[in-house]
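Participant: A single structure is presented below for examination.
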2 protein chains.
Amino acid sequence: MEMSQRRRRILRAVVEEYIDTAEPVGSRTVLSRTGLTCSSATVRNELVALDREGYLEQPHTSAGRVPTAKGYRLYVNELMRERELSQSETDEITRKLQAHSGRADRLMADVGKMATELTSYPALTISAMSPVTVKRVDLIWLDANSFIIVLLLTGDTVKNKLVHLPFSFTEELLRRLSAVFNASFTGLTEERITSDLIASTERAAGDAMGLTSVIAGFLIETLMTAKGSGASVSGEANLLKLPEFQDPDKAHRLINYLSDSQNISALTGTPDFGDVKVLIGPENAALELRDSSVVMASFEAGDGMRGLIGVVGPTRMDYPAVAAKLSYIAGGLSRLLGGGGSPPAGFGKLMIKGGDNDA
Amino acid sequence: MEMSQRRRRILRAVVEEYIDTAEPVGSRTVLSRTGLTCSSATVRNELVALDREGYLEQPHTSAGRVPTAKGYRLYVNELMRERELSQSETDEITRKLQAHSGRADRLMADVGKMATELTSYPALTISAMSPVTVKRVDLIWLDANSFIIVLLLTGDTVKNKLVHLPFSFTEELLRRLSAVFNASFTGLTEERITSDLIASTERAAGDAMGLTSVIAGFLIETLMTAKGSGASVSGEANLLKLPEFQDPDKAHRLINYLSDSQNISALTGTPDFGDVKVLIGPENAALELRDSSVVMASFEAGDGMRGLIGVVGPTRMDYPAVAAKLSYIAGGLSRLLGGGGSPPAGFGKLMIKGGDNDA
DNA sequence: CTTTAGCACTCATCGTTCCTGAGTGCTAAA
DNA sequence: TTTAGCACTCAGGAACGATGAGTGCTAAAG
C-alpha cells in the first residue's frame with residue numbers, strides 16, 4: 001500500500017531538518033517545520049510508524065528520530081524537491097569551467113577542486129577513454145643514438161617519449177619504420193597488437209636492431225595507460241568540519257581510503273549519461289564508505305572520453321543541492337569538451353538513479 | 001658559557017622521551033632514561049635551569065617538562081645522534097626508487113608517497129628546472145588545418161601540442177617554420193623571447209598566417225610552466241593519528257594549508273645540496289606551520305632539475321630518523337636522475353641546516 | 001658550592017553523583 | 001482517529017572529591 005501523504009511530509013521534514021542540524025529531530029520540531037495542523041502526539045504516532053517501517057530510527061530511547069539509509073533513499077527517490085540553481089550559481093560554474101583549457105588530467109583535477117568549493121565536500125573525479133587507438137606515429141631523429149616517438153591518439157591526445165639507445169641508427173631507418181607503423185598499427189586497440197604483428201613489422205621495415213619492439217612497447221604502454229582511468233580527489237580536509245567526523249579515527253579511515261586512487265577508480269559504476277547517481281551509506285560496496293554517501297554525475301566528451309565527477313560526504317548530505325550542482329558541472333563539462341556541440345539532452349534536469357532499494 | 005655536559009644529557013633525554021611518548025617528562029623518568037647517578041632532586045634543579053634558559057617549559061605547574069622550539073633546535077643542532085639506517089631500510093628505499101622510471105612529475109608524487117610510508121608523516125615534494133630552454137622544435141603536419149608542435153627541452157623533456165586552425169597551410173610552410181625556429185629560438189630562456197624576435201621570425205619564414213605566433217606562444221607557455229615548480233603532497237591523513245592533531249579543527253587548518261600547492265612551493269628556501277634542513281615550529285614563516293616542524297632534503301638531477309622532498313609533522317618529531325631517511329631518499333634521487341653518475345658527496349652523511357637560532 | 005632527603009603544595013585526570021530537559025510511549029477521553 | 005496528560009528514559013553537563021604524578025623549597029650532609 002502507498003504511504004499516506006502526511007507521513008511522507010513528516011519523513012521529508014525529518015530528513016531535511018536532520019540534514020540542516022545533524023541532530024535527532026523530535027515531534028515538536030517536525031510540527032513547526034511542516035506546519036501541519038495536528039498535534040505533536042499525532043506526529044509521534046506517525047514517527048512510530050515510520051520507525052517500524054524502517055525509515056527512521058532513534059539513537060536511543062527518548063531522543064528524536066534520525067533517518068536510516070532506507071529513509072534517505074525514499075527521500076532521494078521520491079520526496080526531495082529539485083533544487084534550482086540560482087543565476088549567480090550557474091554563472092559562477094560556467095565562468096570557472098571556461099577559465100580552463102589545459103590538459104585533460106589537469107582539467108579534471110581543477111574541476112574536482114571546483115566541486116569541492118561549491119559543495120564543501122571532498123570531490124572526486126574519474127576520467128577514462130573508452131576505445132583508444134593510435135591515429136598516427138611519427139619518429140623524430142635526433143642523433144645517431146636517440147629519437148622521439150610521437151603518437152597521436154584518438155581524442156587528439158598526443159603522447160611522446162624520448163628514446164636513447166646504445167647503438168646507432170639512421171634517419172632513413174626511422175622513416176621506414178614510421179611508414180610501416182602508420183600502415184599497420186593505426187586504428188588498433190591495445191589488445192589487438194600481437195607479437196606476431198610486431199615481428200612482421202620488424203621484417204617489413206628491415207629493422208635488424210630491435211627498434212620496432214621499442215616503439216611497439218611504448219605504443220602498447222601508452223594505449224594501456226591512456227585507456228586506464230585517471231582519478232583525483234580534492235578537499236578531503238573538509239570532512240573534518242563535519243560533526244560526523246569529529247572522531248579523528250573515523251576521519252582518518254575515510255581520508256585514507258580516498259587517498260588511494262585505486263579505490264576511487266573502483267567507484268566507476270558509470271551511471272547513464274545525464275543522470276546523477278546517489279549511493280547512500282550501506283549501498284556502497286566499500287566498507288569504508290558504509291556510513292557515507294557518494295553523489296556522482298557523469299559526462300561524455302565526444303571522442304570516447306567519459307568521466308565522472310562526484311562528492312563524498314556524510315549520509316546526512318544536502319542531496320538536492322549537491323545533485324543539482326554536480327549535474328550542472330557535468331553538463332557543462334560535456335558541452336565544454338565538445339560532447340556534441342549543443343547542451344546535452346536533459347541538461348539541468350535531474351534524474352536520480354541509485355542503488356537498488358533493498359527492503 | 002658552555003652548557004654543562006650533564007645538562008645536555010638531561011635535555012636530550014627530555015626531548016627524546018617526549019618524542020617517544022608525547023607526554024611531559026618528569027625528573028624520575030629522566031633519571032631512568034639517562035642512567036645518571038644523581039638523585040631526582042638534582043635532576044629537578046637542572047630542569048629548573050633548563051626551564052629558565054628557555055629550553056624547556058611546563059604545560060602547567062607540577063607537570064613534567066616539554067621541550068620548547070629552542071630546546072628542539074639545540075637538540076637538532078648539537079645533541080641528536082645521527083641515525084644510521086639499517087641495511088633493510090636502505091635496501092627498501094633503493095628498491096622502491098628503482099621501480100620508478102616514469103615522467104618527472106609522476107615520479108615526484110610517488111617519491112612523496114614513499115616518504116610518507118617511510119616516516120608516516122605527510123610528505124611534500126617540490127621540483128623545478130632552473131634554466132629551461134628549447135633544444136629543438138619539430139612541426140608535424142597532419143592535414144591542411146592541423147599540426148603538432150613537438151618541443152625538446154633541456155633535461156630531455158618533450159612537450160607537445162596539437163593545433164587546429166580555421167585556415168589551411170602547407171607542409172612546406174611548416175618545414176620552413178621549423179627550420180627558422182630551430183635556428184633562432186634554441187637555447188633561449190623564456191624571458192629572452194621577445195616580440196621583436198617573433199616578428200622577425202615571421203618575416204624570415206614568409207608566414208603570412210600567424211602560425212609563428214601560435215608556435216611561439218606555445219613555446220613561451222611551455223617554458224614558463226616547465227620552469228615553474230611543481231608541488232605535491234601526500235599522506236595528509238597521517239596527521240590524524242597523532243595526539244597533537246586530535247582536535248579536528250587544528251588538523252583541518254593544517255591539512256587545508258597543505259592542500260594548496262602554492263603554499264608548498266613557498267617552502268622553497270632551497271638548502272644547499274646534500275643538506276637536510278629543519279624548520280621547527282615558530283621558525284616557519286607560515287602561520288599555519290607555527291606549531292609543526294618541516295624537514296626537507298634537496299636533490300639535484302644534473303640538467304638543472306632540482307627539487308626538495310620533505311615531511312611535515314608535529315614539533316615532536318623523530319628528527320634523527322626522519323632526517324636520515326629523507327637524506328637517503330634525496331641522495332638516491334640525485335643518483336637516479338643522473339645528478340652526476342656517482343653518489344653525491346656527503347651522501348648518507350647528515351649536515352643539518354636550520355633557521356637562525358634566535359635567543 | 002653541590003647534592004640529597006623530606007615535605008608541603010599544585011593541578012590535571014578520573015570516577016561518582018546528581019540534576020536538568022528534551023523527547024518519548026502509553027492511556028484514556030474526545 | 002486524534003489529542004491531552006503523564007510517567008518514564010536517558011544523554012549531557014555541573015559539582016565534588018579522591019588520586020597521584022610531579023613540582024619547588026628548605027635544611028642538612030658531603
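Quick note on naming: the chains in the C-alpha cells go A, B, ... in the order shown, residues restart at 1 in each chain, and ligands are numbered from 1 in order of appearance.
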Can you pull out the residues contacting segment 12-28 of chain D? Cut-off 12 Å, using only C-alpha atoms (C1' of nucleotides), and skip same-chain residues under 2 positions away; I want them as a ChimeraX atom specification.
Facilitator: /B:24-29,40-41,43-45,47-48,58-65 /C:3-22 /D:10,30
Participant: Compute the set of chain A residues within 9 Å of chain B, using only C-alpha atoms, and express it as a ChimeraX atom specification.
Facilitator: /A:136,138,140,142,148,150,152,156-162,234-241,245-249,251-256,259
Participant: Report as a list in words: the residues of segment 173-343 of chain A with a DSSP assignment of strand (DSSP E or B), based on the backbone of this structure.
Facilitator: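 Taking segment 173-343 of chain A and keeping strand (DSSP E or B) gives Gly230, Ala231, Ser232, Val233, Ser234, Val276, Lys277, Val278, Leu279, Ile280, Ser292, Ser293, Val294, Val295, Met296, Ala297, Ser298, Phe299, Glu300, Met305, Arg306, Gly307, Leu308, Ile309, Gly310, Val311, Val312, Gly313 and Pro314 of chain A.
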Participant: What's around Gly54 of chain B at 9 Å? Count only C-alpha atoms (C1' of nucleotides), leave out sequence neighbours fewer than 6 positions away in its own chain, and write the answer as a ChimeraX atom specification.
Facilitator: /B:67-71,359
Participant: Run DSSP on the backbone and grab whatever in segment 126-330 of chain A lands in alpha helix (DSSP H); send it over as JSON, numbers by chain.
Facilitator: {"A": [171, 172, 173, 174, 175, 176, 177, 178, 179, 180, 181, 182, 183, 184, 195, 196, 197, 198, 199, 200, 201, 202, 203, 204, 205, 211, 212, 213, 214, 215, 216, 217, 218, 219, 220, 221, 222, 223, 224, 225, 226, 227, 248, 249, 250, 251, 252, 253, 254, 255, 256, 257, 258, 261, 262, 263, 264, 265, 319, 320, 321, 322, 323, 324, 325, 326, 327, 328, 329, 330]}
Participant: Please produce a file of those selected residues containing C-alpha atoms, as an mmCIF file, in the first residue's frame.
Facilitator:
```
data_model
loop_
_atom_site.group_PDB
_atom_site.id
_atom_site.type_symbol
_atom_site.label_atom_id
_atom_site.label_comp_id
_atom_site.auth_asym_id
_atom_site.auth_seq_id
_atom_site.Cartn_x
_atom_site.Cartn_y
_atom_site.Cartn_z
ATOM 1 C CA GLU A 171 67.291 8.701 -40.086
ATOM 2 C CA GLU A 172 66.351 6.596 -43.073
ATOM 3 C CA LEU A 173 65.509 3.620 -40.875
ATOM 4 C CA LEU A 174 63.206 5.771 -38.765
ATOM 5 C CA ARG A 175 61.429 6.976 -41.871
ATOM 6 C CA ARG A 176 60.841 3.408 -43.000
ATOM 7 C CA LEU A 177 59.669 2.410 -39.546
ATOM 8 C CA SER A 178 57.187 5.208 -39.216
ATOM 9 C CA ALA A 179 55.762 4.394 -42.625
ATOM 10 C CA VAL A 180 55.309 0.787 -41.640
ATOM 11 C CA PHE A 181 53.826 1.630 -38.253
ATOM 12 C CA ASN A 182 51.382 4.070 -39.796
ATOM 13 C CA ALA A 183 50.379 1.412 -42.279
ATOM 14 C CA SER A 184 49.762 -1.394 -39.831
ATOM 15 C CA SER A 195 53.697 -10.166 -31.018
ATOM 16 C CA ASP A 196 53.110 -11.648 -34.459
ATOM 17 C CA LEU A 197 52.219 -8.225 -35.757
ATOM 18 C CA ILE A 198 55.336 -6.769 -34.206
ATOM 19 C CA ALA A 199 57.506 -9.454 -35.707
ATOM 20 C CA SER A 200 56.123 -8.965 -39.178
ATOM 21 C CA THR A 201 56.521 -5.214 -38.873
ATOM 22 C CA GLU A 202 60.117 -5.685 -37.919
ATOM 23 C CA ARG A 203 60.691 -7.750 -41.057
ATOM 24 C CA ALA A 204 58.825 -5.326 -43.280
ATOM 25 C CA ALA A 205 60.905 -2.394 -42.126
ATOM 26 C CA LEU A 211 63.803 -0.519 -32.748
ATOM 27 C CA THR A 212 60.438 -1.922 -33.706
ATOM 28 C CA SER A 213 59.884 -3.534 -30.376
ATOM 29 C CA VAL A 214 60.947 -0.398 -28.534
ATOM 30 C CA ILE A 215 58.396 1.613 -30.439
ATOM 31 C CA ALA A 216 55.698 -1.024 -30.184
ATOM 32 C CA GLY A 217 56.384 -1.265 -26.478
ATOM 33 C CA PHE A 218 55.810 2.409 -25.964
ATOM 34 C CA LEU A 219 52.722 2.198 -28.112
ATOM 35 C CA ILE A 220 51.211 -0.562 -26.022
ATOM 36 C CA GLU A 221 52.157 1.106 -22.780
ATOM 37 C CA THR A 222 50.636 4.380 -23.931
ATOM 38 C CA LEU A 223 47.405 2.779 -25.046
ATOM 39 C CA MET A 224 47.128 0.941 -21.786
ATOM 40 C CA THR A 225 47.649 3.934 -19.568
ATOM 41 C CA ALA A 226 45.512 6.130 -21.802
ATOM 42 C CA LYS A 227 42.502 3.889 -21.557
ATOM 43 C CA PRO A 248 39.783 11.644 14.152
ATOM 44 C CA ASP A 249 39.871 7.920 13.712
ATOM 45 C CA LYS A 250 36.773 7.845 11.610
ATOM 46 C CA ALA A 251 38.018 10.743 9.531
ATOM 47 C CA HIS A 252 41.373 9.095 9.168
ATOM 48 C CA ARG A 253 39.919 5.897 7.808
ATOM 49 C CA LEU A 254 37.860 7.656 5.187
ATOM 50 C CA ILE A 255 40.508 10.115 4.091
ATOM 51 C CA ASN A 256 42.976 7.321 3.861
ATOM 52 C CA TYR A 257 40.611 5.339 1.744
ATOM 53 C CA LEU A 258 40.064 8.286 -0.543
ATOM 54 C CA SER A 261 43.219 6.350 -6.444
ATOM 55 C CA GLN A 262 42.609 2.645 -6.930
ATOM 56 C CA ASN A 263 39.680 2.934 -4.588
ATOM 57 C CA ILE A 264 38.347 5.937 -6.422
ATOM 58 C CA SER A 265 38.505 4.240 -9.771
ATOM 59 C CA TYR A 319 21.248 15.860 -1.771
ATOM 60 C CA PRO A 320 19.136 18.324 -3.736
ATOM 61 C CA ALA A 321 21.816 20.995 -3.804
ATOM 62 C CA VAL A 322 24.705 18.628 -4.370
ATOM 63 C CA ALA A 323 22.915 16.739 -7.118
ATOM 64 C CA ALA A 324 21.940 19.933 -8.889
ATOM 65 C CA LYS A 325 25.437 21.332 -8.749
ATOM 66 C CA LEU A 326 27.153 18.172 -9.898
ATOM 67 C CA SER A 327 24.684 17.708 -12.675
ATOM 68 C CA TYR A 328 25.279 21.214 -13.852
ATOM 69 C CA ILE A 329 29.025 20.836 -13.741
ATOM 70 C CA ALA A 330 28.917 17.543 -15.597
#
```
